[in-house]
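Peer 1: Below is the file my_file_19.tsv, which contains TSV, C-alpha atoms.
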```
chain	number	residue	atom	x	y	z
R	1	MET	CA	44.33	-32.22	-28.31
R	2	THR	CA	43.00	-28.94	-26.99
R	3	THR	CA	45.41	-26.74	-25.08
R	4	LEU	CA	42.62	-25.46	-22.84
R	5	ALA	CA	43.56	-21.81	-22.67
R	6	GLU	CA	42.00	-19.79	-19.86
R	7	PRO	CA	39.07	-18.40	-21.92
R	8	THR	CA	38.09	-21.95	-22.89
R	9	VAL	CA	38.41	-23.13	-19.28
R	10	LEU	CA	36.31	-20.22	-18.08
R	11	ALA	CA	33.58	-20.80	-20.68
R	12	ALA	CA	33.28	-24.47	-19.68
R	13	ALA	CA	33.21	-23.56	-15.98
R	14	LYS	CA	30.55	-20.89	-16.55
R	15	ASP	CA	28.35	-23.41	-18.35
R	16	ALA	CA	28.83	-25.93	-15.53
R	17	LEU	CA	28.08	-23.49	-12.71
R	18	TYR	CA	25.30	-21.58	-14.50
R	19	PRO	CA	23.91	-23.94	-17.16
R	20	ASP	CA	20.56	-22.13	-17.42
R	21	VAL	CA	21.69	-18.58	-16.72
R	22	SER	CA	19.83	-17.10	-19.71
R	23	GLU	CA	16.54	-18.61	-18.56
R	24	ARG	CA	16.67	-17.80	-14.86
R	25	PRO	CA	15.67	-14.32	-13.65
R	26	ASP	CA	17.65	-14.89	-10.44
R	27	ARG	CA	20.94	-15.80	-12.15
R	28	TYR	CA	23.42	-13.49	-13.85
R	29	ALA	CA	27.13	-13.67	-14.64
R	30	VAL	CA	29.61	-11.30	-16.28
R	31	THR	CA	33.10	-12.00	-17.59
R	32	GLU	CA	36.05	-9.67	-16.99
R	33	THR	CA	36.96	-7.53	-20.01
R	34	GLN	CA	40.44	-9.02	-20.48
R	35	PHE	CA	38.65	-12.02	-22.02
R	36	THR	CA	37.36	-9.94	-24.94
R	37	THR	CA	40.63	-10.63	-26.76
R	38	ALA	CA	40.58	-12.78	-29.91
R	39	ILE	CA	44.01	-14.27	-29.09
R	40	TRP	CA	45.12	-15.59	-25.70
R	41	GLY	CA	48.87	-15.83	-25.67
R	42	SER	CA	49.45	-17.34	-29.09
R	43	GLU	CA	46.18	-19.28	-29.22
R	44	PRO	CA	43.21	-17.97	-31.22
R	45	ILE	CA	39.95	-17.90	-29.27
R	46	SER	CA	36.97	-19.06	-31.27
R	47	PRO	CA	33.92	-16.81	-31.69
R	48	THR	CA	31.87	-19.56	-30.02
R	49	ILE	CA	33.92	-19.32	-26.80
R	50	HIS	CA	33.66	-15.55	-26.98
R	51	GLU	CA	29.88	-15.75	-27.29
R	52	ARG	CA	29.62	-18.13	-24.32
R	53	LEU	CA	31.60	-15.71	-22.16
R	54	GLN	CA	29.31	-12.74	-22.84
R	55	PRO	CA	28.28	-10.39	-21.32
R	56	PHE	CA	31.46	-8.57	-20.32
R	57	ASN	CA	31.96	-5.99	-17.59
R	58	SER	CA	34.73	-4.92	-15.24
R	59	VAL	CA	34.22	-5.14	-11.48
R	60	ARG	CA	37.25	-4.12	-9.48
R	61	LEU	CA	37.38	-5.55	-5.99
R	62	GLU	CA	39.93	-4.68	-3.32
R	63	SER	CA	41.51	-8.07	-4.01
R	64	GLY	CA	41.60	-7.61	-7.79
R	65	GLU	CA	39.34	-8.38	-10.73
R	66	PRO	CA	37.69	-11.82	-10.75
R	67	ASP	CA	37.66	-13.58	-14.12
R	68	LEU	CA	33.94	-14.17	-13.73
R	69	LEU	CA	31.48	-12.70	-11.26
R	70	GLY	CA	28.09	-14.34	-10.86
R	71	VAL	CA	25.00	-13.92	-8.73
R	72	GLY	CA	22.76	-16.82	-7.78
R	73	MET	CA	23.32	-20.29	-6.35
R	74	PRO	CA	25.54	-22.23	-8.77
R	75	HIS	CA	24.69	-25.68	-10.06
R	76	GLY	CA	25.95	-28.68	-8.13
R	77	GLU	CA	26.88	-29.23	-4.51
R	78	VAL	CA	27.54	-26.14	-2.39
R	79	LEU	CA	28.53	-26.51	1.25
R	80	ASN	CA	26.40	-24.59	3.74
R	81	ASP	CA	24.09	-23.51	0.91
R	82	GLY	CA	21.17	-22.88	3.25
R	83	VAL	CA	22.67	-19.61	4.51
R	84	ALA	CA	22.33	-17.76	1.18
R	85	SER	CA	19.64	-17.66	-1.50
R	86	ALA	CA	21.47	-15.42	-3.99
R	87	PRO	CA	25.20	-15.65	-3.26
R	88	VAL	CA	27.84	-13.65	-5.12
R	89	VAL	CA	30.31	-15.98	-6.85
R	90	ALA	CA	33.86	-15.27	-8.06
R	91	VAL	CA	35.63	-17.64	-10.46
R	92	GLU	CA	39.32	-17.68	-11.36
R	93	ALA	CA	40.40	-19.58	-14.46
R	94	LYS	CA	43.76	-21.28	-14.99
R	95	GLY	CA	44.78	-22.91	-18.25
R	96	TYR	CA	47.86	-24.74	-19.47
R	97	ARG	CA	51.02	-22.66	-19.58
R	98	ARG	CA	53.73	-23.09	-22.20
R	99	SER	CA	55.52	-25.50	-19.88
R	100	GLY	CA	52.41	-27.67	-19.83
R	101	ALA	CA	51.80	-26.95	-16.14
R	102	VAL	CA	48.65	-25.48	-14.59
R	103	ASP	CA	49.04	-23.05	-11.68
R	104	VAL	CA	46.04	-24.32	-9.73
R	105	ALA	CA	47.52	-23.27	-6.38
R	106	ARG	CA	47.73	-19.66	-7.57
R	107	GLY	CA	44.10	-19.82	-8.70
R	108	ILE	CA	43.06	-21.15	-5.29
R	109	GLU	CA	44.92	-18.31	-3.57
R	110	GLN	CA	43.21	-15.76	-5.83
R	111	ALA	CA	39.77	-17.27	-5.25
R	112	HIS	CA	40.39	-17.34	-1.50
R	113	SER	CA	41.43	-13.67	-1.52
R	114	ARG	CA	37.99	-12.78	-2.95
R	115	LEU	CA	36.08	-14.35	-0.04
R	116	SER	CA	36.11	-11.17	2.02
R	117	GLU	CA	34.11	-9.55	-0.79
R	118	VAL	CA	31.99	-12.38	-2.25
R	119	ASN	CA	30.19	-15.45	-0.89
R	120	LEU	CA	31.66	-18.24	-2.99
R	121	GLY	CA	35.05	-18.67	-4.64
R	122	TYR	CA	36.03	-21.18	-7.33
R	123	VAL	CA	39.10	-21.97	-9.38
R	124	ALA	CA	38.52	-23.56	-12.79
R	125	ALA	CA	41.34	-25.58	-14.31
R	126	PRO	CA	42.00	-28.57	-16.60
R	127	THR	CA	41.12	-31.68	-14.62
R	128	ALA	CA	44.41	-33.37	-15.45
R	129	GLY	CA	46.28	-30.50	-13.81
R	130	VAL	CA	44.41	-30.69	-10.49
R	131	SER	CA	46.46	-32.63	-7.94
R	132	GLU	CA	45.29	-34.16	-4.66
R	133	THR	CA	47.43	-31.54	-2.90
R	134	ALA	CA	45.52	-28.78	-4.70
R	135	ARG	CA	42.21	-30.35	-3.78
R	136	ALA	CA	43.24	-30.52	-0.11
R	137	LEU	CA	44.32	-26.87	-0.18
R	138	ALA	CA	40.99	-25.85	-1.72
R	139	ARG	CA	39.04	-27.73	0.96
R	140	GLU	CA	41.09	-26.07	3.69
R	141	LEU	CA	40.44	-22.59	2.24
R	142	ASN	CA	36.70	-23.16	1.46
R	143	VAL	CA	37.35	-22.73	-2.26
R	144	GLY	CA	35.63	-24.84	-4.90
R	145	ILE	CA	37.38	-26.46	-7.87
R	146	VAL	CA	35.80	-26.91	-11.30
R	147	GLY	CA	37.66	-29.49	-13.36
R	148	VAL	CA	37.49	-28.92	-17.11
R	149	GLU	CA	37.88	-31.88	-19.47
R	150	ASP	CA	37.38	-30.01	-22.73
R	151	ALA	CA	35.63	-26.93	-24.10
R	152	HIS	CA	32.20	-28.37	-23.33
R	153	SER	CA	32.74	-30.62	-20.30
R	154	ALA	CA	33.36	-29.52	-16.73
R	155	THR	CA	32.59	-30.95	-13.29
R	156	VAL	CA	32.73	-29.57	-9.77
R	157	LEU	CA	35.56	-31.59	-8.21
R	158	GLU	CA	35.48	-29.80	-4.85
R	159	PRO	CA	32.39	-27.92	-3.64
R	160	ALA	CA	32.79	-24.38	-2.38
R	161	ARG	CA	31.53	-23.21	1.00
R	162	VAL	CA	29.33	-20.14	1.42
R	163	THR	CA	31.04	-17.42	3.44
R	164	GLY	CA	29.77	-14.08	4.70
R	165	ALA	CA	31.10	-11.16	2.70
R	166	GLY	CA	29.74	-8.33	4.86
R	167	GLU	CA	28.96	-5.25	2.77
R	168	PHE	CA	29.37	-5.69	-0.96
R	169	SER	CA	31.25	-3.15	-3.07
R	170	ARG	CA	29.35	-0.87	-5.44
R	171	GLY	CA	30.55	-2.94	-8.37
R	172	VAL	CA	29.27	-6.15	-6.87
R	173	GLU	CA	25.98	-4.47	-5.99
R	174	ALA	CA	25.65	-3.44	-9.64
R	175	ILE	CA	25.86	-7.07	-10.73
R	176	ARG	CA	23.45	-8.12	-7.95
R	177	PHE	CA	21.03	-5.46	-9.20
R	178	GLN	CA	21.31	-6.73	-12.77
R	179	ALA	CA	20.64	-10.29	-11.60
R	180	ARG	CA	17.31	-9.10	-10.21
R	181	THR	CA	16.30	-7.07	-13.25
R	182	ASN	CA	18.00	-8.51	-16.33
R	183	GLN	CA	15.06	-10.62	-17.46
R	184	PHE	CA	12.74	-7.63	-17.16
R	185	THR	CA	14.89	-5.25	-19.23
R	186	ALA	CA	16.12	-7.65	-21.93
R	187	GLY	CA	15.56	-5.89	-25.23
R	188	SER	CA	13.31	-2.93	-24.56
R	189	PHE	CA	12.03	-1.57	-21.28
R	190	PRO	CA	8.68	-3.25	-20.46
R	191	VAL	CA	6.42	-0.19	-20.31
R	192	ASN	CA	6.70	3.51	-21.24
R	193	HIS	CA	4.10	5.09	-18.95
R	194	PRO	CA	4.02	4.88	-15.14
R	195	LYS	CA	0.28	4.20	-15.08
R	196	ASN	CA	0.99	0.84	-16.71
R	197	TYR	CA	2.92	-0.62	-13.78
R	198	LEU	CA	0.78	1.08	-11.14
R	199	GLY	CA	-2.28	-0.28	-12.93
R	200	TYR	CA	-0.97	-3.84	-12.77
R	201	VAL	CA	-0.78	-3.58	-8.99
R	202	LEU	CA	-4.40	-2.41	-8.89
R	203	ALA	CA	-5.50	-5.22	-11.22
R	204	ALA	CA	-3.74	-7.74	-8.98
R	205	ALA	CA	-5.57	-6.36	-5.94
R	206	ALA	CA	-9.00	-6.17	-7.60
R	207	GLU	CA	-11.54	-8.95	-7.72
R	208	GLY	CA	-11.41	-11.16	-10.77
R	209	GLU	CA	-8.63	-12.44	-12.99
R	210	THR	CA	-5.62	-10.09	-13.00
R	211	ASP	CA	-4.71	-10.20	-16.70
R	212	ALA	CA	-8.30	-9.73	-17.86
R	213	THR	CA	-8.84	-6.82	-15.47
R	214	TYR	CA	-5.58	-5.23	-16.56
R	215	GLY	CA	-6.39	-5.64	-20.23
R	216	GLU	CA	-9.82	-4.09	-19.75
R	217	HIS	CA	-8.76	-1.04	-17.74
R	218	VAL	CA	-5.08	-0.33	-18.45
R	219	ILE	CA	-3.43	-1.82	-21.56
R	220	ARG	CA	-3.76	-5.13	-23.37
R	221	LEU	CA	-0.22	-6.19	-22.50
R	222	PRO	CA	-0.49	-7.75	-19.04
R	223	GLU	CA	2.93	-9.40	-19.15
R	224	SER	CA	4.56	-6.00	-19.80
R	225	GLY	CA	2.65	-4.51	-16.89
R	226	ARG	CA	3.70	-7.38	-14.66
R	227	ARG	CA	7.34	-6.97	-15.65
R	228	GLY	CA	7.18	-3.24	-14.97
R	229	ALA	CA	5.59	-3.77	-11.55
R	230	ALA	CA	8.30	-6.31	-10.67
R	231	LEU	CA	11.08	-4.12	-12.01
R	232	PHE	CA	10.10	-1.19	-9.82
R	233	GLY	CA	9.74	-3.29	-6.69
R	234	LEU	CA	5.94	-3.36	-6.50
R	235	LEU	CA	5.55	-7.07	-7.17
R	236	ASP	CA	7.56	-10.07	-5.97
R	237	VAL	CA	7.57	-12.66	-8.76
R	238	ARG	CA	10.07	-15.12	-7.27
R	239	GLY	CA	7.30	-17.51	-6.22
R	240	GLU	CA	3.61	-16.82	-6.59
R	241	ASP	CA	3.13	-13.17	-7.48
R	242	GLU	CA	2.74	-11.14	-4.31
R	243	LEU	CA	2.58	-7.41	-3.69
R	244	THR	CA	5.60	-5.99	-1.89
R	245	HIS	CA	5.21	-3.42	0.89
R	246	LEU	CA	5.63	-0.72	-1.77
R	247	GLY	CA	2.97	-2.35	-3.94
R	248	ALA	CA	0.61	-2.51	-0.97
R	249	GLU	CA	1.07	1.23	-0.48
R	250	VAL	CA	-0.11	1.79	-4.06
R	251	VAL	CA	-3.31	-0.11	-3.21
R	252	ARG	CA	-3.79	1.92	-0.03
R	253	PHE	CA	-3.29	5.15	-1.98
R	254	ALA	CA	-5.89	4.06	-4.56
R	255	ARG	CA	-8.46	3.31	-1.86
R	256	THR	CA	-7.77	6.58	-0.07
R	257	ARG	CA	-7.94	8.58	-3.28
R	258	HIS	CA	-10.85	6.84	-5.04
R	259	GLY	CA	-12.66	4.84	-2.38
R	260	SER	CA	-11.86	1.45	-3.94
R	261	VAL	CA	-9.42	-0.27	-6.26
R	262	GLU	CA	-12.22	-0.78	-8.80
R	263	ARG	CA	-13.03	2.92	-8.97
R	264	ALA	CA	-9.33	3.71	-9.31
R	265	LEU	CA	-9.18	1.33	-12.28
R	266	GLU	CA	-12.10	3.13	-13.88
R	267	GLU	CA	-10.02	6.31	-13.67
R	268	PHE	CA	-7.04	4.52	-15.21
R	269	ASP	CA	-9.34	3.38	-18.02
R	270	ALA	CA	-10.22	6.99	-18.77
R	271	TRP	CA	-6.52	7.77	-19.24
R	272	THR	CA	-6.03	5.17	-21.98
R	273	GLY	CA	-4.60	6.69	-25.14
R	274	ARG	CA	-3.96	10.09	-23.52
R	275	SER	CA	-0.56	11.61	-24.43
R	276	THR	CA	-0.79	14.30	-21.75
R	277	ARG	CA	2.16	14.29	-19.38
R	278	PHE	CA	1.25	12.31	-16.27
R	279	THR	CA	2.20	15.20	-13.98
R	280	ASP	CA	-0.53	17.26	-15.69
R	281	LEU	CA	-3.05	14.46	-16.18
R	282	ALA	CA	-2.96	13.04	-12.64
R	283	PRO	CA	-0.51	15.00	-10.45
R	284	ARG	CA	-0.97	12.99	-7.25
R	285	TRP	CA	-0.62	9.66	-9.02
R	286	ALA	CA	2.43	11.01	-10.85
R	287	GLN	CA	4.00	12.00	-7.54
R	288	LEU	CA	3.43	8.48	-6.24
R	289	ALA	CA	5.00	7.05	-9.39
R	290	ARG	CA	7.95	9.41	-8.96
R	291	SER	CA	8.52	8.15	-5.43
R	292	VAL	CA	8.47	4.58	-6.75
R	293	MET	CA	10.93	5.38	-9.55
R	294	MET	CA	13.34	7.13	-7.19
R	295	GLN	CA	13.80	3.82	-5.36
R	296	TYR	CA	15.01	2.21	-8.60
R	297	GLU	CA	18.84	2.21	-8.67
R	298	PRO	CA	19.27	3.42	-12.29
R	299	THR	CA	17.05	6.42	-11.56
R	300	LYS	CA	19.26	7.43	-8.64
R	301	LEU	CA	22.37	7.00	-10.79
R	302	LEU	CA	21.10	9.06	-13.74
R	303	VAL	CA	19.73	11.81	-11.50
R	304	ASP	CA	23.06	11.99	-9.65
R	305	ALA	CA	24.90	12.20	-12.99
R	306	LEU	CA	22.62	14.97	-14.26
R	307	GLU	CA	22.99	16.87	-10.98
R	308	ALA	CA	26.79	16.62	-11.25
R	309	LEU	CA	26.69	17.93	-14.82
R	310	HIS	CA	24.35	20.75	-13.80
R	311	ARG	CA	26.78	21.87	-11.09
R	312	GLU	CA	29.43	22.15	-13.81
R	313	GLY	CA	27.14	24.36	-15.89
R	314	VAL	CA	25.85	21.64	-18.24
R	315	ARG	CA	22.09	22.11	-18.13
R	316	GLU	CA	21.34	19.96	-21.18
R	317	ALA	CA	23.48	16.86	-21.58
R	318	GLY	CA	23.76	14.56	-24.54
R	319	LEU	CA	23.52	10.85	-23.89
R	320	PRO	CA	27.31	10.31	-24.25
R	321	GLU	CA	28.00	12.98	-21.62
R	322	LEU	CA	25.36	11.53	-19.32
R	323	VAL	CA	26.65	7.97	-19.57
R	324	GLU	CA	30.27	9.08	-19.16
R	325	ARG	CA	29.35	10.92	-15.96
R	326	ALA	CA	27.27	7.97	-14.73
R	327	CYS	CA	30.31	5.72	-15.30
R	328	ALA	CA	32.42	8.09	-13.19
R	329	ILE	CA	29.95	7.52	-10.33
R	330	ASN	CA	29.37	3.77	-10.73
R	331	GLN	CA	30.80	2.28	-13.92
R	332	PRO	CA	29.61	-1.33	-13.52
R	333	LEU	CA	26.02	-0.23	-12.96
R	334	ALA	CA	26.10	2.37	-15.73
R	335	VAL	CA	27.38	-0.21	-18.21
R	336	GLU	CA	24.74	-2.76	-17.18
R	337	VAL	CA	21.92	-0.24	-17.45
R	338	CYS	CA	22.95	1.72	-20.53
R	339	VAL	CA	25.04	-0.46	-22.87
R	340	THR	CA	23.90	-3.48	-24.87
R	341	GLU	CA	25.70	-6.76	-24.22
R	342	ASP	CA	27.08	-6.85	-27.78
R	343	ALA	CA	28.62	-3.37	-27.42
R	344	ARG	CA	30.51	-3.94	-24.16
R	345	GLU	CA	33.75	-4.68	-26.03
R	346	ALA	CA	33.54	-1.36	-27.86
R	347	VAL	CA	32.74	0.65	-24.76
R	348	LEU	CA	35.21	-1.02	-22.37
R	349	THR	CA	38.89	-1.60	-23.04
R	350	ARG	CA	40.58	-4.90	-22.14
R	351	ASP	CA	41.73	-3.21	-18.93
R	352	GLY	CA	38.14	-2.36	-18.06
R	353	ASP	CA	38.44	1.37	-18.69
R	354	LEU	CA	35.80	3.41	-20.51
R	355	ASP	CA	36.40	4.23	-24.19
R	356	THR	CA	34.57	7.55	-24.42
R	357	ASP	CA	34.86	7.68	-28.23
R	358	ALA	CA	32.64	4.58	-28.45
R	359	LEU	CA	29.88	6.48	-26.66
R	360	ARG	CA	29.42	8.56	-29.82
R	361	ASP	CA	27.91	5.52	-31.55
R	362	PRO	CA	24.13	5.53	-30.88
R	363	HIS	CA	23.93	1.77	-31.43
R	364	VAL	CA	25.84	0.95	-28.23
R	365	TYR	CA	22.89	2.08	-26.10
R	366	LYS	CA	19.91	0.03	-25.05
R	367	THR	CA	16.80	1.36	-26.78
R	368	GLY	CA	14.87	1.04	-23.55
R	369	LEU	CA	17.17	3.62	-21.95
R	370	HIS	CA	16.52	6.49	-24.36
R	371	PHE	CA	12.96	5.53	-25.23
R	372	GLN	CA	10.68	3.75	-22.73
R	373	TYR	CA	12.69	4.51	-19.60
R	374	LYS	CA	13.25	8.16	-20.46
R	375	ALA	CA	9.53	8.48	-21.19
R	376	GLN	CA	8.86	7.21	-17.67
R	377	LEU	CA	11.23	9.82	-16.23
R	378	TYR	CA	9.46	12.50	-18.27
R	379	HIS	CA	5.98	11.49	-17.16
R	380	VAL	CA	6.89	11.63	-13.46
R	381	GLY	CA	8.49	15.07	-13.87
R	382	LEU	CA	12.18	14.22	-13.48
R	383	VAL	CA	13.42	15.13	-16.97
R	384	THR	CA	12.08	17.69	-19.42
R	385	ASP	CA	11.73	15.54	-22.57
R	386	ARG	CA	10.21	12.14	-23.28
R	387	GLY	CA	13.02	10.56	-25.36
R	388	THR	CA	13.22	8.90	-28.77
R	389	ASP	CA	13.26	5.43	-30.32
R	390	ASP	CA	15.03	6.73	-33.45
R	391	LYS	CA	18.69	5.68	-33.29
R	392	SER	CA	19.66	8.44	-35.72
R	393	ALA	CA	18.30	11.03	-33.25
R	394	VAL	CA	19.75	9.57	-30.05
R	395	LEU	CA	22.86	11.75	-29.94
R	396	ASP	CA	20.86	14.93	-30.52
R	397	ASP	CA	18.26	14.07	-27.87
R	398	THR	CA	19.18	15.99	-24.72
R	399	TRP	CA	18.69	15.10	-21.07
R	400	ARG	CA	17.82	17.84	-18.59
R	401	LEU	CA	16.48	17.74	-15.05
R	402	GLU	CA	13.15	19.47	-14.53
R	403	GLN	CA	14.15	20.78	-11.11
R	404	PRO	CA	17.88	20.45	-10.42
R	405	VAL	CA	18.85	20.88	-6.78
R	406	GLY	CA	22.49	21.85	-7.20
R	407	HIS	CA	23.61	25.39	-7.93
R	408	VAL	CA	25.56	26.34	-11.05
```
Write out the structure in this file as structure tokens.
Peer 2:
Amino acid sequence: MTTLAEPTVLAAAKDALYPDVSERPDRYAVTETQFTTAIWGSEPISPTIHERLQPFNSVRLESGEPDLLGVGMPHGEVLNDGVASAPVVAVEAKGYRRSGAVDVARGIEQAHSRLSEVNLGYVAAPTAGVSETARALARELNVGIVGVEDAHSATVLEPARVTGAGEFSRGVEAIRFQARTNQFTAGSFPVNHPKNYLGYVLAAAAEGETDATYGEHVIRLPESGRRGAALFGLLDVRGEDELTHLGAEVVRFARTRHGSVERALEEFDAWTGRSTRFTDLAPRWAQLARSVMMQYEPTKLLVDALEALHREGVREAGLPELVERACAINQPLAVEVCVTEDAREAVLTRDGDLDTDALRDPHVYKTGLHFQYKAQLYHVGLVTDRGTDDKSAVLDDTWRLEQPVGHV
């Protein structure tokens, strides 16, 4: 008979609430770093459970650290679900203690304490340990209960009710950001030149079939262009692809600058294969691309980190220094943007603190960060170098702002 330790309970609850999380661009969930341990109490935790709990991150709320923090409407019944399309969800897990009891009431209290900072709160616990009294308490406090039968079976026993959390903390906002962008940045960054996402917007606005137009005038990777346009807020892909207000401004700029979208695309076609920096090749288009990129949260974070280092006299920062400083500003976001899912356990301690020694390993970083994304920053004139895709060169590749604002 399984003892249903808390990591096992949490893995089953995660699968029940977010069964298709890896396939949905509007769903994302992270597990608190204390669950990276291989032994819980005296019970070994199987690698399979560990894998199901990934990715890990640490988000510290005023009320404490939730065992799991998710974004997106969970599976199953949710009371008052019409008031939120992408709620923030906190889950507390309770397993069997040595006495054989399950402290469900404590889990309900913890989940309820999160409701000033998230939209939905759940406690997950072995079904046999959930009493009618606990269920009544959960209903009274608007907390949901997930009953876990075994490592692979869990059911929502009591639905949670959506509450208003007001302003979210920076840590929660980091996870909300990742929920919007995770599918676009999985693996490598989608494109490495700003013309490629701007060009997709123009292809979408031009007459004819978007992918064919894009392939003819920009690059023959329309899905990458589409992902880049969505990532930078130019395209809304939640339903049928539609240009956002920012995307519409790109179209207006093209018509003002070239007379028509079609003539703008002809210009884009002439740039194909050119390695010239975009700021030199097409300065006004590069400035537009820079404005677009500065609305992307990771760009703001990395620029702020580089500005902070510059004020301390560090004009050229290595990637470890940059990421360490970015973590000092907003650790959850920096970890989501910079560190691969498999390396979270090396970079974060069980207490959720940053292990700076681990940042000296080039393999902990997402390739898209120091290759495609840095190339974007270079082409729009924010950093001085274009980056590298060679892991052996990552630590020697420096980051420097082209025009720092702060004084040394």
Peer 1: Here is a test: counting all atoms listed in the file, which residue of R:Leu115, R:Leu333, R:Ala229, R:Leu401 is nearest to Thr163 of chain R?
Peer 2: R:Leu115
Peer 1: Is there a way to get, as a list in words, all residues within 9 Å of the point (-3.8, -13.7, -19.2) in file coordinates, counting only C-alpha atoms?
Peer 2: Glu209, Thr210, Asp211, Ala212, Gly215, Leu221, Pro222 and Glu223 of chain R
Peer 1: Atom CA of Ala375 of chain R to atom CA of Val335 of chain R: how many Å, to one decimal?
Peer 2: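 These atoms are spaced 20.1 Å apart.
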Peer 1: Please determine, counting only C-alpha atoms, which residue among R:Arg98, R:Arg290, R:Arg344, R:His363 has the shortest atom-to-atom distance to Leu319 of chain R.
Peer 2: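 Closest to Leu319 of chain R of all the choices is R:His363.
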Peer 1: Applying 9 Å and all atoms listed in the file, which residues near Ala151 of chain R remain after dropping the ones on its own chain fewer than 3 positions away? List them as a PyMOL selection string.
Peer 2: chain R and resi 2+4+8-9+11-12+49+148+154
Peer 1: When distances are computed from all atoms listed in the file, which of R:Val162, R:His217, R:Leu69, R:Phe56 shows the smallest separation from Val339 of chain R?
Peer 2: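 Selected residue with least distance to Val339 of chain R: R:Phe56.
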Peer 1: Would you please work out which residue, of R:Ala160, R:Ile145, R:Cys338, R:Leu235, is nearest to Pro298 of chain R when using all atoms listed in the file?
Peer 2: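 Ranked by minimum distance to Pro298 of chain R, first place goes to R:Cys338.
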Peer 1: How big is the axis-aligned box, and where does its centre sit, when it encloses all atoms of segment 289-308 of chain R listed in the file and has 5 Å added on every side, reported in Å to one decimal as AutoDock Vina command-line options?
Peer 2:
```
--center_x 15.9 --center_y 9.5 --center_z -9.8 --size_x 31.8 --size_y 24.7 --size_z 18.9
```
Peer 1: What separation in Å, quoted to one decimal, exists between atom CA of Tyr378 of chain R and atom CA of His245 of chain R?
Peer 2: 25.3 Å
Peer 1: Could you check the closest approach to Gly225 of chain R for each of R:Arg60, R:Arg400, R:His193, R:Arg180 and tell me which residue wins, using only C-alpha atoms?
Peer 2: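 Of R:Arg60, R:Arg400, R:His193, R:Arg180, the one nearest Gly225 of chain R, counting only C-alpha atoms, is R:His193.
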Peer 1: Would you please work out which residue, of R:Ala264, R:Leu137, R:Val156, R:Ala86, is nearest to Gly199 of chain R when using all atoms listed in the file?
Peer 2: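 Result for the nearest residue to Gly199 of chain R: R:Ala264.
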Peer 1: Show me, as a list in words, the residues that have an atom within 10 Å of Asn119 of chain R when counting only C-alpha atoms, minus same-chain residues fewer than 3 positions from it.
Peer 2: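 The neighbour list is Val71, Ala84, Ala86, Pro87, Val88, Val89, Ala90, Arg114, Leu115, Ser116, Ala160, Arg161, Val162, Thr163, Gly164, Ala165, Gly166 and Phe168 of chain R.
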Peer 1: Go ahead and dump the residues you just picked, C-alpha atoms, as a PDB file, in the frame of the given file.
Peer 2:
```pdb
ATOM      1  CA  VAL R  71      25.000 -13.920  -8.730  1.00  0.00           C
ATOM      2  CA  ALA R  84      22.330 -17.760   1.180  1.00  0.00           C
ATOM      3  CA  ALA R  86      21.470 -15.420  -3.990  1.00  0.00           C
ATOM      4  CA  PRO R  87      25.200 -15.650  -3.260  1.00  0.00           C
ATOM      5  CA  VAL R  88      27.840 -13.650  -5.120  1.00  0.00           C
ATOM      6  CA  VAL R  89      30.310 -15.980  -6.850  1.00  0.00           C
ATOM      7  CA  ALA R  90      33.860 -15.270  -8.060  1.00  0.00           C
ATOM      8  CA  ARG R 114      37.990 -12.780  -2.950  1.00  0.00           C
ATOM      9  CA  LEU R 115      36.080 -14.350  -0.040  1.00  0.00           C
ATOM     10  CA  SER R 116      36.110 -11.170   2.020  1.00  0.00           C
ATOM     11  CA  ALA R 160      32.790 -24.380  -2.380  1.00  0.00           C
ATOM     12  CA  ARG R 161      31.530 -23.210   1.000  1.00  0.00           C
ATOM     13  CA  VAL R 162      29.330 -20.140   1.420  1.00  0.00           C
ATOM     14  CA  THR R 163      31.040 -17.420   3.440  1.00  0.00           C
ATOM     15  CA  GLY R 164      29.770 -14.080   4.700  1.00  0.00           C
ATOM     16  CA  ALA R 165      31.100 -11.160   2.700  1.00  0.00           C
ATOM     17  CA  GLY R 166      29.740  -8.330   4.860  1.00  0.00           C
ATOM     18  CA  PHE R 168      29.370  -5.690  -0.960  1.00  0.00           C
TER      19      PHE R 168
END
```
Peer 1: I'd like the neighbourhood of segment 276-286 of chain R as a ChimeraX atom specification, where a residue qualifies if any of its atoms comes within 10 Å (using all atoms listed in the file), though same-chain residues fewer than 4 positions away should be ignored.
Peer 2: /R:193-195,198,250,253-254,257,267-268,271,290-292,375-376,378-381,386
